[in-house]
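See structure below.
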Amino acid sequence: MRQLICVGLASLVTACATGRSAQATSVGTAAEQGRPFSEAAVTVMQAYDLESRFDDAVSLGQFASERARTLKDPGGEARILAEQGRVMSRMLRHQPGLDTTQVLDVLRRARHLADASGDARARVAALDAEGMFHYFIVLLTGQGEWAPVVALFEQARDLAASSGDSRGHIEALFHLGLTQQFQGQAEAARSTYAHGLSLARASNDVLMESYNLRHLASLDEDQGQLDSAITLYEQSLRLREQVGFNTGQMFALVALANVRSRKDPKDAQALALSEKALALARRVKDPAGQREAHTSLGRLHLRRGEVPAALPHLEQALTNAESHEDWWSAVDALLELGRAHALLGEKARVEERLRRARAVASSRGLKEALGQVEKAERELGYAP
């Protein structure tokens with residue numbers, strides 16, 4: 001990934017210089033020369049995003065969109081703004097306090113420019129990015145409905161397919177699969193991911209191949225097909241290592257650790273995988289990766305009956321989740337802490353943790369998280 005960033009920055013500098021020269025000739029030539037600049041800018045922003053360098057991606061987007069405007073390249077400017085909005089949407093989970101109206105403003109500008117330009121790839125990117133914003137809002141806050149999100153991804157998918165935008169088509173399909181999976185439509189999601197996987201392999205898109213494999217694995221895990229899930233998680237992890245996708249490796253490591261632990265709670269490799277994820281998250285300074293790894297380590301130690309080793313990890317995960325306003329992760333950590341206190345026979349602490357988990361899920365409108373709370377309450381014999 002670092003090599004990609006270096007190459008992309010070099011291309012960006014070259015394109016910027018070429019664009020300045022073109023400005024001296026004609027507007028049409030400048031716009032033509034602006035396209036390599038916008039392509040390079042989007043490539044570097046995407047690489048920054050995959051390394052959790054969100055601020056760098058947004059800063060580059062702000063500079064590059066202004067430059068594309070100077071070059072009178074509305075399609076390129078729209079693609080840059082769409083990527084900037086996509087990164088900012090992802091930041092909603094990683095960095096608390098981000099103004100959602102600011103994100104929406106960027107995305108609406110992208111949509112307006114894309115529609116006005118008639119650039120199909122820009123329109124696909126703008127539709128998909130706007131869909132991702134609303135996806136994160138529904139997922140993280142419980143606010144809004146899935147139907148408008150699905151509609152945006154379907155528009156992006158259809159336009160990408162008809163215009164020959166391979167990457168846009170694969171991304172929109174994958175995002176549709178996510179909406180289906182989180183709505184409990186497992187078989188529809190499986191079909192969508194399988195279609196996306198086929199297209200990714202046909203176009204040699206390793207990154208999108210890894211995404212689809214990872215979520216096909218999670219569907220197998222949900223159905224108790226643990227051996228198949230392990231195989232698919234391992235394939236996804238290898239692909240992410242191949243392209244240097246550090247951020248994605250963290251979550252792949254945690255997912256693989258969890259399913260290996262489900263198959264064999266004493267699996268030493270599961271602990272090693274989660275510890276590797278935590279070390280990587282600390283190295284790239286990704287708070288979301290750190291809380292996922294801490295929660296995983298806590299859960300794995302509990303399955304091994306090692307409650308004293310589990311508690312510090314779960315407490316750190318909870319503190320991290322609350323400070324970053326990641327309420328889904330906060331509920332997850334609270335439920336695991338409830339299970340830990342149950343193993344210690346601390347009934348009052350169990351009730352306190354479950355009560356807090358229910359309060360968070362209810363107040364934030366997290367319906368699926370509330371379902372997990374109710375399941376834990378039954379499991380631990382607690383009636384609210």
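Order determines the names: the first chain of the structure tokens is A, the second B, and so forth; residues in each chain are numbered 1 upward, and ligands are numbered 1 upward as they are shown.
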Open item on the list: Residues near region 367-383 of chain A, anyone? I mean within 9 Å using only C-alpha atoms, not counting same-chain ones fewer than 3 positions away, as a list in words.
Closed with: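 Surrounding residues, per the criterion: Gly142, Phe182, Trp328, Val331, Asp332, Leu335, Gly338, Arg339, Ala342, Val350, Glu351, Leu354, Ala357, Arg358, Val360, Ala361, Ser362 and Arg364 of chain A.
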Open item on the list: If you run DSSP on the backbone here, which positions in region 138-333 of chain A get helix (DSSP H, G or I)? Please write them as JSON, numbers by chain.
Closed with: {"A": [138, 139, 140, 141, 146, 147, 148, 149, 150, 151, 152, 153, 154, 155, 156, 157, 158, 159, 160, 161, 162, 163, 166, 167, 168, 169, 170, 171, 172, 173, 174, 175, 176, 177, 178, 179, 180, 181, 182, 186, 187, 188, 189, 190, 191, 192, 193, 194, 195, 196, 197, 198, 199, 200, 201, 202, 206, 207, 208, 209, 210, 211, 212, 213, 214, 215, 216, 217, 218, 219, 220, 221, 222, 226, 227, 228, 229, 230, 231, 232, 233, 234, 235, 236, 237, 238, 239, 240, 241, 242, 243, 246, 247, 248, 249, 250, 251, 252, 253, 254, 255, 256, 257, 258, 259, 260, 261, 262, 263, 268, 269, 270, 271, 272, 273, 274, 275, 276, 277, 278, 279, 280, 281, 282, 283, 287, 288, 289, 290, 291, 292, 293, 294, 295, 296, 297, 298, 299, 300, 301, 302, 303, 307, 308, 309, 310, 311, 312, 313, 314, 315, 316, 317, 318, 319, 320, 321, 322, 323, 327, 328, 329, 330, 331, 332, 333]}
Open item on the list: Would you pick out the contacts of Arg303 (chain A) at 9 Å or less, using only C-alpha atoms, so that residues sharing its chain but fewer than 4 positions from it are not included, and give the list as a PyMOL selection string?
Closed with: chain A and resi 261-262+265-266+298-299+307
Open item on the list: Just to confirm, what's the straight-line distance from CA of Leu232 (chain A) to CA of Glu336 (chain A) in Å (one decimal)?
Closed with: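 Distance reported for this atom pair: 26.1 Å.
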Write out as JSON lines the residues of region 117-230 of chain A that have any atom within 12 Å of an atom of region 53-74 of chain A, one row each with the nearest atom pair and its distance in Å to one decimal, counting only C-alpha atoms, sorted by chain and then rising number.
```
{"residue": "A:Ser117", "atom": "CA", "partner": "A:Pro74", "partner_atom": "CA", "distance": 5.8}
{"residue": "A:Gly118", "atom": "CA", "partner": "A:Pro74", "partner_atom": "CA", "distance": 9.3}
{"residue": "A:Asp119", "atom": "CA", "partner": "A:Pro74", "partner_atom": "CA", "distance": 8.6}
{"residue": "A:Ala120", "atom": "CA", "partner": "A:Pro74", "partner_atom": "CA", "distance": 12.0}
{"residue": "A:Arg121", "atom": "CA", "partner": "A:Pro74", "partner_atom": "CA", "distance": 11.9}
{"residue": "A:Ala122", "atom": "CA", "partner": "A:Pro74", "partner_atom": "CA", "distance": 9.0}
{"residue": "A:Arg123", "atom": "CA", "partner": "A:Pro74", "partner_atom": "CA", "distance": 11.1}
```
Take the residues from that selection and put them in a file with N, CA, C and O atoms, as a PDB file, in the first residue's frame.
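Dumped everything to again_24.pdb:
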```
ATOM      1  N   SER A 117     -22.288  16.782 -15.087  1.00  0.00           N
ATOM      2  CA  SER A 117     -21.195  16.446 -16.002  1.00  0.00           C
ATOM      3  C   SER A 117     -21.583  15.377 -17.011  1.00  0.00           C
ATOM      4  O   SER A 117     -20.985  15.275 -18.083  1.00  0.00           O
ATOM      5  N   GLY A 118     -22.546  14.528 -16.648  1.00  0.00           N
ATOM      6  CA  GLY A 118     -22.905  13.411 -17.520  1.00  0.00           C
ATOM      7  C   GLY A 118     -21.884  12.293 -17.492  1.00  0.00           C
ATOM      8  O   GLY A 118     -21.973  11.345 -18.287  1.00  0.00           O
ATOM      9  N   ASP A 119     -20.920  12.369 -16.583  1.00  0.00           N
ATOM     10  CA  ASP A 119     -19.860  11.366 -16.458  1.00  0.00           C
ATOM     11  C   ASP A 119     -20.424  10.175 -15.684  1.00  0.00           C
ATOM     12  O   ASP A 119     -20.720  10.276 -14.488  1.00  0.00           O
ATOM     13  N   ALA A 120     -20.569   9.038 -16.357  1.00  0.00           N
ATOM     14  CA  ALA A 120     -21.203   7.874 -15.737  1.00  0.00           C
ATOM     15  C   ALA A 120     -20.421   7.372 -14.521  1.00  0.00           C
ATOM     16  O   ALA A 120     -21.009   7.039 -13.490  1.00  0.00           O
ATOM     17  N   ARG A 121     -19.093   7.321 -14.635  1.00  0.00           N
ATOM     18  CA  ARG A 121     -18.296   6.834 -13.496  1.00  0.00           C
ATOM     19  C   ARG A 121     -18.439   7.761 -12.300  1.00  0.00           C
ATOM     20  O   ARG A 121     -18.494   7.304 -11.160  1.00  0.00           O
ATOM     21  N   ALA A 122     -18.490   9.055 -12.561  1.00  0.00           N
ATOM     22  CA  ALA A 122     -18.667  10.011 -11.465  1.00  0.00           C
ATOM     23  C   ALA A 122     -20.036   9.843 -10.828  1.00  0.00           C
ATOM     24  O   ALA A 122     -20.181   9.912  -9.597  1.00  0.00           O
ATOM     25  N   ARG A 123     -21.045   9.601 -11.645  1.00  0.00           N
ATOM     26  CA  ARG A 123     -22.398   9.409 -11.099  1.00  0.00           C
ATOM     27  C   ARG A 123     -22.478   8.140 -10.261  1.00  0.00           C
ATOM     28  O   ARG A 123     -23.102   8.115  -9.208  1.00  0.00           O
TER      29      ARG A 123
END
```
TODO: Using only C-alpha atoms, pick whichever of A:Val259, A:Met132, A:Leu207, A:Val87 has the shortest atom-to-atom distance to Gly224 (chain A).
DONE: A:Val259
Contacts between region 188-206 of chain A and region 237-289 of chain A, please, where a residue of region 237-289 of chain A counts if it comes within 10 Å (with only C-alpha atoms); show its shortest atom pair and distance in Å to one decimal, rows by chain and ascending number, as JSON lines.
```
{"residue": "A:Leu239", "atom": "CA", "partner": "A:Val206", "partner_atom": "CA", "distance": 6.4}
{"residue": "A:Arg240", "atom": "CA", "partner": "A:Val206", "partner_atom": "CA", "distance": 8.0}
{"residue": "A:Gln242", "atom": "CA", "partner": "A:Val206", "partner_atom": "CA", "distance": 8.5}
{"residue": "A:Val243", "atom": "CA", "partner": "A:Val206", "partner_atom": "CA", "distance": 7.6}
```
Could you list, with a cut-off of 8 Å and counting only C-alpha atoms, the residues of region 318-383 of chain A near region 279-292 of chain A, each shown with its nearest atom pair and the distance in Å rounded to one decimal, rows sorted by chain and ascending number, as a Markdown table?
```
| residue | atom | partner | partner_atom | distance |
| --- | --- | --- | --- | --- |
| A:Leu318 | CA | A:Arg291 | CA | 7.6 |
| A:Asn320 | CA | A:Arg291 | CA | 6.1 |
| A:Ala321 | CA | A:Arg291 | CA | 6.7 |
| A:Ser329 | CA | A:Arg291 | CA | 7.7 |
```
May I have the residues from that selection written out with N, CA and C atoms, as an mmCIF file, in the first residue's frame?
```cif
data_model
loop_
_atom_site.group_PDB
_atom_site.id
_atom_site.type_symbol
_atom_site.label_atom_id
_atom_site.label_comp_id
_atom_site.auth_asym_id
_atom_site.auth_seq_id
_atom_site.Cartn_x
_atom_site.Cartn_y
_atom_site.Cartn_z
ATOM 1 N N LEU A 318 -14.447 -1.448 26.139
ATOM 2 C CA LEU A 318 -15.607 -0.639 26.519
ATOM 3 C C LEU A 318 -15.239 0.838 26.610
ATOM 4 N N ASN A 320 -12.785 2.388 25.128
ATOM 5 C CA ASN A 320 -12.508 2.841 23.765
ATOM 6 C C ASN A 320 -13.816 3.099 23.016
ATOM 7 N N ALA A 321 -14.751 2.151 23.098
ATOM 8 C CA ALA A 321 -16.013 2.273 22.357
ATOM 9 C C ALA A 321 -16.820 3.474 22.834
ATOM 10 N N SER A 329 -20.227 -1.459 19.477
ATOM 11 C CA SER A 329 -19.095 -2.109 20.147
ATOM 12 C C SER A 329 -19.220 -2.012 21.658
#
```
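Taking CA of Ala333 (chain A) and CA of Leu314 (chain A) as the two end points, the separation is 5.8 Å.
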Open item on the list: Taking only C-alpha atoms into account, name the residue in A:Leu256, A:Leu140, A:Leu311, A:Ala40 that is nearest to Lys276 (chain A).
Closed with: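 So, comparing all the options, the nearest one is A:Leu256.
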Would you tabulate, counting only C-alpha atoms, all residues of region 24-116 of chain A that have an atom at most 9 Å from an atom of region 133-136 of chain A, showing the closest pair of atoms and their distance in Å to one decimal, sorted by chain then ascending number, as CSV?
```
residue,atom,partner,partner_atom,distance
A:Gly85,CA,A:Phe133,CA,7.8
A:Arg86,CA,A:Phe133,CA,6.9
A:Met88,CA,A:Phe133,CA,8.4
A:Ser89,CA,A:Phe133,CA,5.0
A:Arg90,CA,A:Phe136,CA,7.4
A:Leu92,CA,A:Phe136,CA,7.7
A:Arg93,CA,A:Phe136,CA,8.0
A:Thr100,CA,A:Phe133,CA,8.9
A:Val103,CA,A:Phe133,CA,8.1
A:Leu104,CA,A:Phe133,CA,7.9
A:Leu107,CA,A:Phe133,CA,8.6
```
Task: Å distance separating CA of Ser38 (chain A) from CA of Leu113 (chain A), one decimal place - done: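 It comes out at 13.9 Å.
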